[in-house]
Amino acid sequence: MTTDPLVPADFTVPRELLAPEFRLEPLGEQHNASDHAAWTSSIEHIRATPGWAGRGWPPADGMPPERNLADLRRHAADFEARTGFTYTVLEPDRDEVIGCVYVYPDREDPSVVSVSSWVRADRAELDAPLYRAVSAWLTDHWPLGRFVYAER
């Protein structure tokens, strides 16, 4: 992974995206229990989501909450360093994690930004609205240049 910032120094990174069905905020330690419950309840669904095939995440056997917390801390550090941005997808009116959005340099071509997202299996109907909202948000409000995001 690159250590170069993904966005210019003068760009103010958005701290939220609000939609009627969900809201996004930076993923952090405070989300650990709800994040862990969200993805561990939906492993097969996430792996079947466009853009996730062939990845090693989520692990088929899950992982302990302590390791999940370490991952959240890494994502938060990336956010602060501006090298990648991970947002948790929350219910619009409470702090219950229903998914995640990742904005990182592409592993094979760091000049391209790779965007991926997932939602819990019991909120699968939000996958396409999340894709549309995030795609428009990144296009209209972020200086990313070219990004790839598996279509829904």
# chains A, B, ... in the order shown; residues from 1 in each chain; ligands from 1
$ residues_around --residues "Ala70 in chain A" --least-positions-apart "3" --cutoff "12 Å" --atoms "only C-alpha atoms" --output "ChimeraX atom specification"
/A:28-29,31-32,36,63-67,73-77
$ residues_around --residues "Ser117 in chain A" --least-positions-apart "2" --cutoff "12 Å" --atoms "only C-alpha atoms" --output "PyMOL selection string"
chain A and resi 24+39+45-52+85-89+98-104+114-115+119-120+124+126-135+148-152
$ closest_residue --among "A:Phe79, A:Asp106, A:Ser41, A:Arg94" --to "Arg15 in chain A" --atoms "only C-alpha atoms"
A:Phe79
$ closest_residue --among "A:Ser111, A:Leu138, A:Leu69, A:Gly84" --to "Leu17 in chain A" --atoms "only C-alpha atoms"
A:Leu138
$ select_by_dssp --residues "range 49-117 of chain A" --states "helix (DSSP H, G or I)" --output "ChimeraX atom specification"
/A:65-81
$ atom_distance --atom1 "CA of Ala38 in chain A" --atom2 "CA of Val97 in chain A"
6.2 Å
$ atom_distance --atom1 "CA of Pro92 in chain A" --atom2 "CA of Pro105 in chain A"
28.2 Å
$ select_by_dssp --residues "chain A" --states "strand (DSSP E or B)" --output "PyMOL selection string"
chain A and resi 17-18+23-26+85-90+97-105+113-119+147-149
$ residues_around --residues "Ile43 in chain A" --least-positions-apart "5" --cutoff "10 Å" --atoms "only C-alpha atoms" --output "list in words"
Ala38, Ala48, Trp57, Pro58, Pro59, Ala60, Asp61, Gly62, Arg120 and Ala121 of chain A
$ atom_distance --atom1 "CA of Asp122 in chain A" --atom2 "CA of Phe147 in chain A"
28.0 Å
$ residues_around --residues "range 5-13 of chain A" --least-positions-apart "5" --cutoff "7 Å" --atoms "only C-alpha atoms" --output "ChimeraX atom specification"
/A:81-84,143-144
